[in-house]
$ cat input-v9.txt   # compact mmCIF, C-alpha atoms
# COMPACT_ATOMS: atom_id res chain seq x y z
CA MET F 97 0.00 0.00 0.00
CA GLY F 98 2.78 2.43 1.00
CA GLU F 99 4.67 1.53 -2.17
CA PHE F 100 1.58 2.22 -4.26
CA ILE F 101 1.19 5.66 -2.70
CA LEU F 102 4.88 6.43 -3.33
CA GLN F 103 4.64 5.35 -6.97
CA HIS F 104 1.67 7.60 -7.57
CA SER F 105 2.74 10.36 -5.22
CA ASP F 106 2.09 13.14 -7.73
CA PHE F 107 -1.45 11.96 -8.15
CA PHE F 108 -2.00 11.90 -4.40
CA ILE F 109 -0.48 15.36 -4.01
CA PHE F 110 -2.87 16.60 -6.67
CA ILE F 111 -5.85 15.03 -4.86
CA PHE F 112 -4.63 16.56 -1.61
CA PHE F 113 -4.44 20.05 -3.14
CA VAL F 114 -7.91 19.71 -4.67
CA ALA F 115 -9.35 18.59 -1.33
CA LEU F 116 -7.52 21.35 0.53
CA GLY F 117 -8.69 23.92 -1.99
CA TYR F 118 -12.28 22.73 -1.74
CA GLY F 119 -12.35 22.55 2.06
CA ALA F 120 -10.43 25.67 3.02
CA GLY F 121 -11.58 27.63 -0.03
CA SER F 122 -15.30 27.23 0.57
CA LEU F 123 -14.90 27.87 4.29
CA MET F 124 -13.00 31.09 3.65
CA GLU F 125 -15.49 32.19 1.02
CA ARG F 126 -18.40 31.69 3.43
CA ASN F 127 -16.61 33.67 6.13
CA HIS F 128 -15.75 36.42 3.67
CA TYR F 129 -19.35 36.73 2.46
CA ARG F 130 -20.59 36.88 6.04
CA SER F 131 -18.18 39.71 6.84
CA ILE F 132 -19.06 41.53 3.58
CA ARG F 133 -22.79 41.39 4.35
CA LYS F 134 -22.25 42.57 7.90
CA ARG F 135 -20.15 45.57 6.87
CA GLU F 136 -22.49 46.42 3.99
CA GLN F 137 -25.31 46.66 6.53
CA ALA F 138 -23.21 48.91 8.76
CA LEU F 139 -22.33 51.24 5.87
CA LEU F 140 -25.82 51.50 4.38
CA SER F 141 -26.15 55.05 5.73
CA LEU F 142 -23.35 56.23 3.41
CA PRO F 143 -24.80 56.41 -0.11
CA VAL F 144 -22.67 55.84 -3.20
CA THR F 145 -23.71 56.80 -6.71
CA THR F 146 -22.15 56.48 -10.15
CA THR F 147 -23.43 59.86 -11.32
CA GLU F 148 -21.17 62.89 -11.51
CA HIS F 149 -23.64 65.45 -10.26
CA GLU F 150 -23.90 66.43 -6.68
CA SER F 151 -26.76 68.93 -7.15
CA PHE F 152 -29.33 66.55 -5.65
CA ILE F 153 -27.82 67.00 -2.20
CA GLY F 154 -29.54 70.37 -2.06
CA SER F 155 -27.15 71.84 0.48
CA GLU F 156 -23.78 73.50 0.41
CA ILE F 157 -20.68 71.34 -0.08
CA GLY F 158 -17.79 71.66 2.29
CA GLU F 159 -15.05 69.69 0.65
CA ALA F 160 -14.46 67.06 -2.03
CA THR F 161 -11.72 64.48 -1.94
CA LEU F 162 -10.69 61.32 -3.74
CA VAL F 163 -11.24 58.04 -1.87
CA VAL F 164 -9.90 54.67 -3.00
CA GLY F 165 -10.29 51.06 -1.91
CA SER F 166 -8.58 48.03 -3.36
CA VAL F 167 -8.21 44.32 -2.78
CA VAL F 168 -6.54 41.31 -4.39
CA VAL F 169 -8.47 38.05 -4.13
CA SER F 170 -7.27 34.71 -5.41
CA ILE F 171 -9.22 31.63 -6.41
CA ASP F 172 -8.68 28.22 -4.80
CA TYR F 173 -7.26 25.15 -6.47
CA PHE F 174 -10.55 23.29 -6.67
CA LYS F 175 -12.41 26.11 -8.38
CA ARG F 176 -9.54 26.65 -10.78
CA LEU F 177 -9.87 23.01 -11.78
CA LEU F 178 -13.62 23.45 -12.25
CA ALA F 179 -12.96 26.46 -14.48
CA ILE F 180 -10.47 24.50 -16.61
CA LEU F 181 -13.05 21.73 -17.05
CA ARG F 182 -15.69 24.34 -17.88
CA ASN F 183 -13.43 25.70 -20.61
CA ILE F 184 -13.80 22.42 -22.48
CA PHE F 185 -17.58 22.58 -22.71
CA GLY F 186 -18.13 26.32 -22.50
CA GLY F 187 -20.89 28.05 -20.59
CA ALA F 188 -21.04 30.17 -17.48
CA VAL F 189 -18.01 29.81 -15.24
CA THR F 190 -19.85 30.08 -11.93
CA SER F 191 -16.73 29.44 -9.86
CA TYR F 192 -15.22 32.72 -11.09
CA GLU F 193 -18.39 34.72 -10.61
CA SER F 194 -18.11 34.59 -6.84
CA LEU F 195 -14.42 35.55 -7.06
CA VAL F 196 -14.99 38.82 -8.92
CA ASP F 197 -18.13 39.52 -6.93
CA ARG F 198 -16.23 39.23 -3.65
CA ALA F 199 -13.36 41.36 -4.93
CA ARG F 200 -15.61 44.20 -6.12
CA ARG F 201 -17.79 44.28 -3.04
CA GLU F 202 -14.74 44.23 -0.76
CA ALA F 203 -13.14 47.08 -2.74
CA ILE F 204 -16.31 49.19 -2.51
CA LEU F 205 -16.52 48.48 1.22
CA ARG F 206 -12.93 49.60 1.77
CA MET F 207 -13.58 52.75 -0.22
CA LYS F 208 -16.68 53.47 1.88
CA GLU F 209 -14.71 52.88 5.06
CA ALA F 210 -12.08 55.38 3.87
CA ALA F 211 -14.85 57.85 3.03
CA ARG F 212 -16.46 57.44 6.44
CA GLN F 213 -13.11 58.06 8.13
CA GLN F 214 -12.93 61.40 6.33
CA GLY F 215 -16.42 62.22 7.56
CA ALA F 216 -18.04 62.09 4.10
CA ALA F 217 -21.81 62.33 3.62
CA LEU F 218 -21.83 60.55 0.29
CA VAL F 219 -19.56 59.31 -2.51
CA ILE F 220 -20.24 60.29 -6.11
CA ASN F 221 -18.86 59.10 -9.43
CA LEU F 222 -17.91 55.60 -8.29
CA ARG F 223 -15.65 53.81 -10.76
CA LEU F 224 -14.59 50.18 -10.65
CA GLU F 225 -11.47 48.77 -12.21
CA THR F 226 -10.70 45.05 -12.34
CA SER F 227 -7.55 43.38 -13.56
CA ALA F 228 -5.88 40.00 -13.43
CA ILE F 229 -2.56 40.13 -11.63
CA GLY F 230 0.13 37.79 -10.37
CA GLN F 231 2.29 35.24 -12.11
CA GLN F 232 -0.66 33.41 -13.57
CA ALA F 233 -1.81 36.50 -15.42
CA ASN F 234 0.91 36.17 -18.02
CA ARG F 235 0.99 32.43 -18.24
CA LYS F 236 -1.64 30.85 -20.49
CA ARG F 237 -5.09 32.32 -20.20
CA GLN F 238 -5.62 31.07 -16.71
CA VAL F 239 -6.48 33.72 -14.13
CA GLY F 240 -5.11 33.18 -10.64
CA SER F 241 -6.11 36.31 -8.83
CA VAL F 242 -8.05 39.44 -9.59
CA GLU F 243 -7.51 42.92 -8.30
CA ALA F 244 -10.44 45.28 -7.86
CA ILE F 245 -10.05 49.02 -7.33
CA ALA F 246 -13.02 51.18 -6.39
CA TYR F 247 -12.62 54.95 -6.40
CA GLY F 248 -14.87 57.93 -6.15
CA THR F 249 -15.19 61.49 -4.91
CA ALA F 250 -16.23 61.77 -1.28
CA ILE F 251 -18.39 64.80 -0.52
CA ILE F 252 -17.94 66.26 2.92
CA LEU F 253 -20.69 68.59 4.05
CA PRO F 254 -19.71 71.75 5.91
CA ALA F 255 -19.95 71.52 9.68
CA ALA F 256 -23.24 72.72 11.16
CA PRO F 257 -23.17 76.44 12.10
CA GLY F 258 -23.21 75.53 15.78
CA ASP F 259 -19.94 73.60 15.49
CA ASP F 260 -17.92 76.51 14.15
CA GLY F 261 -16.54 77.97 17.36
CA MET I 25 -3.85 69.62 -3.48
CA ILE I 26 -7.51 68.77 -4.14
CA LEU I 27 -8.05 65.49 -5.97
CA THR I 28 -11.42 64.44 -7.44
CA ASN I 29 -12.55 62.01 -10.10
CA ILE I 30 -15.39 64.23 -11.34
CA GLU I 31 -15.02 66.98 -13.91
CA THR I 32 -15.17 69.83 -11.43
CA VAL I 33 -14.44 70.52 -7.81
CA PRO I 34 -17.82 70.94 -6.08
CA GLY I 35 -18.28 74.40 -4.63
CA LYS I 36 -15.36 75.84 -6.60
CA THR I 37 -14.84 77.22 -10.11
CA ILE I 38 -12.08 76.20 -12.49
CA VAL I 39 -10.16 79.24 -13.71
CA GLU I 40 -7.23 77.63 -15.50
CA HIS I 41 -6.35 74.33 -17.21
CA TYR I 42 -2.84 72.89 -17.40
CA GLY I 43 -3.53 69.68 -19.33
CA ILE I 44 -2.84 66.09 -18.36
CA VAL I 45 -0.69 65.08 -15.42
CA GLN I 46 0.19 61.48 -14.69
CA GLY I 47 1.98 59.26 -12.23
CA SER I 48 2.91 55.60 -12.51
CA THR I 49 4.83 52.96 -10.60
CA VAL I 50 5.94 49.44 -11.43
CA ARG I 51 6.37 47.26 -8.37
CA ALA I 52 7.52 43.71 -7.79
CA LYS I 53 7.05 42.09 -4.42
CA HIS I 54 9.91 40.35 -2.69
CA ILE I 55 10.41 36.62 -2.86
CA GLY I 56 8.96 35.85 0.57
CA ARG I 57 5.67 37.49 -0.27
CA ASP I 58 5.58 35.79 -3.63
CA LEU I 59 6.01 32.43 -1.96
CA MET I 60 3.20 33.17 0.48
CA ALA I 61 0.98 34.28 -2.39
CA GLY I 62 1.74 30.99 -4.15
CA LEU I 63 0.63 29.05 -1.11
CA LYS I 64 -2.42 31.23 -0.66
CA ASN I 65 -3.33 30.53 -4.27
CA LEU I 66 -4.15 26.95 -3.28
CA VAL I 67 -6.84 27.84 -0.80
CA GLY I 68 -8.01 31.13 -2.31
CA GLY I 69 -8.96 34.25 -0.42
CA GLU I 70 -7.39 37.67 -0.09
CA LEU I 71 -3.69 38.02 -0.92
CA LYS I 72 -2.74 40.60 1.71
CA GLY I 73 0.82 40.97 0.40
CA TYR I 74 -0.42 41.97 -3.05
CA THR I 75 -3.10 44.25 -1.64
CA GLU I 76 -0.50 46.13 0.40
CA LEU I 77 1.86 46.26 -2.55
CA LEU I 78 -0.75 47.79 -4.82
CA GLN I 79 -1.89 50.19 -2.13
CA ASP I 80 1.69 51.43 -1.67
CA SER I 81 2.20 51.85 -5.39
CA ARG I 82 -1.12 53.65 -5.73
CA GLU I 83 -0.12 56.13 -3.04
CA GLN I 84 3.21 56.67 -4.74
CA ALA I 85 1.58 57.14 -8.14
CA LEU I 86 -0.84 59.68 -6.64
CA ALA I 87 2.09 61.47 -4.98
CA ARG I 88 3.89 61.71 -8.32
CA LEU I 89 0.73 63.00 -9.97
CA SER I 90 0.31 65.69 -7.29
CA GLU I 91 3.98 66.60 -7.57
CA GLN I 92 3.66 67.09 -11.32
CA ALA I 93 0.54 69.20 -10.86
CA ARG I 94 2.28 71.33 -8.21
CA GLU I 95 5.18 71.99 -10.57
CA LEU I 96 2.72 73.31 -13.13
CA GLY I 97 1.28 75.67 -10.55
CA ALA I 98 -2.08 73.88 -10.21
CA ASN I 99 -3.94 73.54 -6.95
CA ALA I 100 -6.28 70.68 -7.92
CA VAL I 101 -6.41 67.61 -10.18
CA VAL I 102 -9.82 66.66 -11.59
CA ASN I 103 -11.15 63.67 -13.53
CA ILE I 104 -8.62 61.23 -12.10
CA ARG I 105 -8.56 57.70 -13.57
CA PHE I 106 -6.74 54.57 -12.41
CA ALA I 107 -5.44 51.71 -14.53
CA THR I 108 -3.58 48.56 -13.53
CA SER I 109 -1.68 46.13 -15.67
CA SER I 110 0.77 43.35 -15.09
CA VAL I 111 3.77 44.19 -17.25
CA ALA I 112 6.19 41.41 -16.33
CA GLN I 113 6.00 38.25 -14.30
CA GLY I 114 5.35 39.16 -10.70
CA ALA I 115 5.42 42.89 -11.36
CA ALA I 116 2.39 45.15 -11.46
CA GLU I 117 2.09 48.60 -12.95
CA LEU I 118 -0.21 51.18 -11.50
CA PHE I 119 -1.04 54.17 -13.62
CA VAL I 120 -3.01 57.23 -12.59
CA TYR I 121 -3.83 60.27 -14.71
CA GLY I 122 -5.93 63.40 -14.50
CA THR I 123 -6.27 67.04 -15.52
CA ALA I 124 -4.41 69.70 -13.55
CA VAL I 125 -6.43 72.85 -12.92
CA THR I 126 -6.51 75.92 -10.75
CA VAL I 127 -9.71 76.42 -8.80
CA VAL I 128 -11.03 79.36 -6.81
CA ASP I 129 -14.00 79.60 -4.46
CA GLU I 130 -17.26 80.40 -6.19
CA MET I 131 -17.28 83.84 -4.54
CA GLY I 132 -14.31 84.69 -6.77
CA GLU I 133 -11.67 84.73 -4.04
CA GLN I 134 -8.95 82.14 -3.85
$ encode --input "input-v9.txt" --output "structure tokens"
Amino acid sequence: MGEFILQHSDFFIFIFFVALGYGAGSLMERNHYRSIRKREQALLSLPVTTTEHESFIGSEIGEATLVVGSVVVSIDYFKRLLAILRNIFGGAVTSYESLVDRARREAILRMKEAARQQGAALVINLRLETSAIGQQANRKRQVGSVEAIAYGTAIILPAAPGDDG
Amino acid sequence: MILTNIETVPGKTIVEHYGIVQGSTVRAKHIGRDLMAGLKNLVGGELKGYTELLQDSREQALARLSEQARELGANAVVNIRFATSSVAQGAAELFVYGTAVTVVDEMGEQ
């Protein structure tokens, strides 16, 4: 039995990586989604729009500043395998959908957190940028990790007249 | 230096344009981080080393952009855009560009 395992060690290593990727990968994804949902709830009071106009605020603007949030998320071994198999038959690559979804939502959350730190009332002109990075990006067509950048202009309202002194 | 990614600075008027200013950085992470990222690639999830790397390069690119705008005599950069690309193995380029302008308060005083 031991000899058999040694002879086919590369196969067993492969199986081990797939199992590790599936187990740890799905656990981490669940945890990540839970944290994303929780923070999205907490930041609901800070609106973000993709329009350029700030006229709908209806009050005077104190300050405007650029806020940015970014994250790099990588896919696990099991899902990468699924995607390679999916490439043979074509169709929707569902395993990558959650990857880019997580990256974008995390980037927006980080941007909102930065905006809140500056005391912003809202963020206008949100832009999202996604790119494949890392060693895998240049090798073949296989994507290992994606980077998402979210940026926008945070609008800070002037302090209430009572706060001036 | 006021930075925005909209065409104006809210509450202020643009009085002068200086054209495009840009800043870019190409960064490669060190071998230890690369190794960790390789391991992290197995299980998926956030690659903190890369996130930090890109955050650092973004700050540097923005600093270069502001520096260029300051040399032109501008006090704000509007319509800022970011772009990322991976130029070589393990190296990432971060590019940021915008329009340098001078703004004054809407009352007409600087």
$ closest_atom_pairs --input "input-v9.txt" --of "chain I" --to "chain F" --cutoff "10 Å" --atoms "only C-alpha atoms" --output "JSON lines"
{"residue": "I:Met25", "atom": "CA", "partner": "F:Thr161", "partner_atom": "CA", "distance": 9.5}
{"residue": "I:Ile26", "atom": "CA", "partner": "F:Thr161", "partner_atom": "CA", "distance": 6.4}
{"residue": "I:Leu27", "atom": "CA", "partner": "F:Leu162", "partner_atom": "CA", "distance": 5.4}
{"residue": "I:Thr28", "atom": "CA", "partner": "F:Leu162", "partner_atom": "CA", "distance": 4.9}
{"residue": "I:Asn29", "atom": "CA", "partner": "F:Thr249", "partner_atom": "CA", "distance": 5.8}
{"residue": "I:Ile30", "atom": "CA", "partner": "F:Glu148", "partner_atom": "CA", "distance": 5.9}
{"residue": "I:Glu31", "atom": "CA", "partner": "F:Glu148", "partner_atom": "CA", "distance": 7.8}
{"residue": "I:Thr32", "atom": "CA", "partner": "F:Glu148", "partner_atom": "CA", "distance": 9.2}
{"residue": "I:Val33", "atom": "CA", "partner": "F:Ala160", "partner_atom": "CA", "distance": 6.7}
{"residue": "I:Pro34", "atom": "CA", "partner": "F:Ala160", "partner_atom": "CA", "distance": 6.5}
{"residue": "I:Gly35", "atom": "CA", "partner": "F:Ile157", "partner_atom": "CA", "distance": 6.0}
{"residue": "I:Lys36", "atom": "CA", "partner": "F:Glu159", "partner_atom": "CA", "distance": 9.5}
{"residue": "I:Ala52", "atom": "CA", "partner": "F:Gly230", "partner_atom": "CA", "distance": 9.8}
{"residue": "I:Asp58", "atom": "CA", "partner": "F:Gly230", "partner_atom": "CA", "distance": 8.9}
{"residue": "I:Ala61", "atom": "CA", "partner": "F:Gly230", "partner_atom": "CA", "distance": 8.8}
{"residue": "I:Gly62", "atom": "CA", "partner": "F:Gln231", "partner_atom": "CA", "distance": 9.0}
{"residue": "I:Lys64", "atom": "CA", "partner": "F:Ser170", "partner_atom": "CA", "distance": 7.6}
{"residue": "I:Asn65", "atom": "CA", "partner": "F:Asp172", "partner_atom": "CA", "distance": 5.9}
{"residue": "I:Leu66", "atom": "CA", "partner": "F:Tyr173", "partner_atom": "CA", "distance": 4.8}
{"residue": "I:Val67", "atom": "CA", "partner": "F:Asp172", "partner_atom": "CA", "distance": 4.4}
{"residue": "I:Gly68", "atom": "CA", "partner": "F:Asp172", "partner_atom": "CA", "distance": 3.9}
{"residue": "I:Gly69", "atom": "CA", "partner": "F:Ser170", "partner_atom": "CA", "distance": 5.3}
{"residue": "I:Glu70", "atom": "CA", "partner": "F:Val169", "partner_atom": "CA", "distance": 4.2}
{"residue": "I:Leu71", "atom": "CA", "partner": "F:Val168", "partner_atom": "CA", "distance": 5.6}
{"residue": "I:Lys72", "atom": "CA", "partner": "F:Val168", "partner_atom": "CA", "distance": 7.2}
{"residue": "I:Gly73", "atom": "CA", "partner": "F:Val168", "partner_atom": "CA", "distance": 8.8}
{"residue": "I:Tyr74", "atom": "CA", "partner": "F:Val168", "partner_atom": "CA", "distance": 6.3}
{"residue": "I:Thr75", "atom": "CA", "partner": "F:Val167", "partner_atom": "CA", "distance": 5.2}
{"residue": "I:Glu76", "atom": "CA", "partner": "F:Val167", "partner_atom": "CA", "distance": 8.5}
{"residue": "I:Leu77", "atom": "CA", "partner": "F:Val168", "partner_atom": "CA", "distance": 9.9}
{"residue": "I:Leu78", "atom": "CA", "partner": "F:Ser166", "partner_atom": "CA", "distance": 8.0}
{"residue": "I:Gln79", "atom": "CA", "partner": "F:Ser166", "partner_atom": "CA", "distance": 7.1}
{"residue": "I:Arg82", "atom": "CA", "partner": "F:Val164", "partner_atom": "CA", "distance": 9.3}
{"residue": "I:Glu83", "atom": "CA", "partner": "F:Val164", "partner_atom": "CA", "distance": 9.9}
{"residue": "I:Val101", "atom": "CA", "partner": "F:Leu162", "partner_atom": "CA", "distance": 10.0}
{"residue": "I:Val102", "atom": "CA", "partner": "F:Leu162", "partner_atom": "CA", "distance": 9.5}
{"residue": "I:Asn103", "atom": "CA", "partner": "F:Thr249", "partner_atom": "CA", "distance": 9.8}
{"residue": "I:Ile104", "atom": "CA", "partner": "F:Leu162", "partner_atom": "CA", "distance": 8.6}
{"residue": "I:Arg105", "atom": "CA", "partner": "F:Arg223", "partner_atom": "CA", "distance": 8.6}
{"residue": "I:Phe106", "atom": "CA", "partner": "F:Glu225", "partner_atom": "CA", "distance": 7.5}
{"residue": "I:Ala107", "atom": "CA", "partner": "F:Glu225", "partner_atom": "CA", "distance": 7.1}
{"residue": "I:Thr108", "atom": "CA", "partner": "F:Ser227", "partner_atom": "CA", "distance": 6.5}
{"residue": "I:Ser109", "atom": "CA", "partner": "F:Ser227", "partner_atom": "CA", "distance": 6.8}
{"residue": "I:Ser110", "atom": "CA", "partner": "F:Ile229", "partner_atom": "CA", "distance": 5.8}
{"residue": "I:Val111", "atom": "CA", "partner": "F:Asn234", "partner_atom": "CA", "distance": 8.5}
{"residue": "I:Ala112", "atom": "CA", "partner": "F:Asn234", "partner_atom": "CA", "distance": 7.6}
{"residue": "I:Gln113", "atom": "CA", "partner": "F:Gln231", "partner_atom": "CA", "distance": 5.3}
{"residue": "I:Gly114", "atom": "CA", "partner": "F:Gln231", "partner_atom": "CA", "distance": 5.2}
{"residue": "I:Ala115", "atom": "CA", "partner": "F:Gly230", "partner_atom": "CA", "distance": 7.4}
{"residue": "I:Ala116", "atom": "CA", "partner": "F:Ile229", "partner_atom": "CA", "distance": 7.1}
{"residue": "I:Glu117", "atom": "CA", "partner": "F:Ile229", "partner_atom": "CA", "distance": 9.8}
$ write_last_selection --input "input-v9.txt" --atoms "C-alpha atoms" --output "mmCIF file, keeping the file's coordinate frame"
data_model
loop_
_atom_site.group_PDB
_atom_site.id
_atom_site.type_symbol
_atom_site.label_atom_id
_atom_site.label_comp_id
_atom_site.auth_asym_id
_atom_site.auth_seq_id
_atom_site.Cartn_x
_atom_site.Cartn_y
_atom_site.Cartn_z
ATOM 1 C CA MET I 25 -3.850 69.620 -3.480
ATOM 2 C CA ILE I 26 -7.510 68.770 -4.140
ATOM 3 C CA LEU I 27 -8.050 65.490 -5.970
ATOM 4 C CA THR I 28 -11.420 64.440 -7.440
ATOM 5 C CA ASN I 29 -12.550 62.010 -10.100
ATOM 6 C CA ILE I 30 -15.390 64.230 -11.340
ATOM 7 C CA GLU I 31 -15.020 66.980 -13.910
ATOM 8 C CA THR I 32 -15.170 69.830 -11.430
ATOM 9 C CA VAL I 33 -14.440 70.520 -7.810
ATOM 10 C CA PRO I 34 -17.820 70.940 -6.080
ATOM 11 C CA GLY I 35 -18.280 74.400 -4.630
ATOM 12 C CA LYS I 36 -15.360 75.840 -6.600
ATOM 13 C CA ALA I 52 7.520 43.710 -7.790
ATOM 14 C CA ASP I 58 5.580 35.790 -3.630
ATOM 15 C CA ALA I 61 0.980 34.280 -2.390
ATOM 16 C CA GLY I 62 1.740 30.990 -4.150
ATOM 17 C CA LYS I 64 -2.420 31.230 -0.660
ATOM 18 C CA ASN I 65 -3.330 30.530 -4.270
ATOM 19 C CA LEU I 66 -4.150 26.950 -3.280
ATOM 20 C CA VAL I 67 -6.840 27.840 -0.800
ATOM 21 C CA GLY I 68 -8.010 31.130 -2.310
ATOM 22 C CA GLY I 69 -8.960 34.250 -0.420
ATOM 23 C CA GLU I 70 -7.390 37.670 -0.090
ATOM 24 C CA LEU I 71 -3.690 38.020 -0.920
ATOM 25 C CA LYS I 72 -2.740 40.600 1.710
ATOM 26 C CA GLY I 73 0.820 40.970 0.400
ATOM 27 C CA TYR I 74 -0.420 41.970 -3.050
ATOM 28 C CA THR I 75 -3.100 44.250 -1.640
ATOM 29 C CA GLU I 76 -0.500 46.130 0.400
ATOM 30 C CA LEU I 77 1.860 46.260 -2.550
ATOM 31 C CA LEU I 78 -0.750 47.790 -4.820
ATOM 32 C CA GLN I 79 -1.890 50.190 -2.130
ATOM 33 C CA ARG I 82 -1.120 53.650 -5.730
ATOM 34 C CA GLU I 83 -0.120 56.130 -3.040
ATOM 35 C CA VAL I 101 -6.410 67.610 -10.180
ATOM 36 C CA VAL I 102 -9.820 66.660 -11.590
ATOM 37 C CA ASN I 103 -11.150 63.670 -13.530
ATOM 38 C CA ILE I 104 -8.620 61.230 -12.100
ATOM 39 C CA ARG I 105 -8.560 57.700 -13.570
ATOM 40 C CA PHE I 106 -6.740 54.570 -12.410
ATOM 41 C CA ALA I 107 -5.440 51.710 -14.530
ATOM 42 C CA THR I 108 -3.580 48.560 -13.530
ATOM 43 C CA SER I 109 -1.680 46.130 -15.670
ATOM 44 C CA SER I 110 0.770 43.350 -15.090
ATOM 45 C CA VAL I 111 3.770 44.190 -17.250
ATOM 46 C CA ALA I 112 6.190 41.410 -16.330
ATOM 47 C CA GLN I 113 6.000 38.250 -14.300
ATOM 48 C CA GLY I 114 5.350 39.160 -10.700
ATOM 49 C CA ALA I 115 5.420 42.890 -11.360
ATOM 50 C CA ALA I 116 2.390 45.150 -11.460
ATOM 51 C CA GLU I 117 2.090 48.600 -12.950
#
$ atom_distance --input "input-v9.txt" --atom1 "atom CA of I:Gly47" --atom2 "atom CA of I:Val125"
16.0 Å
$ atom_distance --input "input-v9.txt" --atom1 "atom CA of I:His41" --atom2 "atom CA of I:Tyr121"
14.5 Å
$ atom_distance --input "input-v9.txt" --atom1 "atom CA of I:Thr123" --atom2 "atom CA of I:Gln92"
10.8 Å
$ residues_near_point --input "input-v9.txt" --point "(-19.5, 55.1, 7.5)" --cutoff "8 Å" --atoms "only C-alpha atoms" --output "ChimeraX atom specification"
/F:138-142,208-209,211-213,215-216
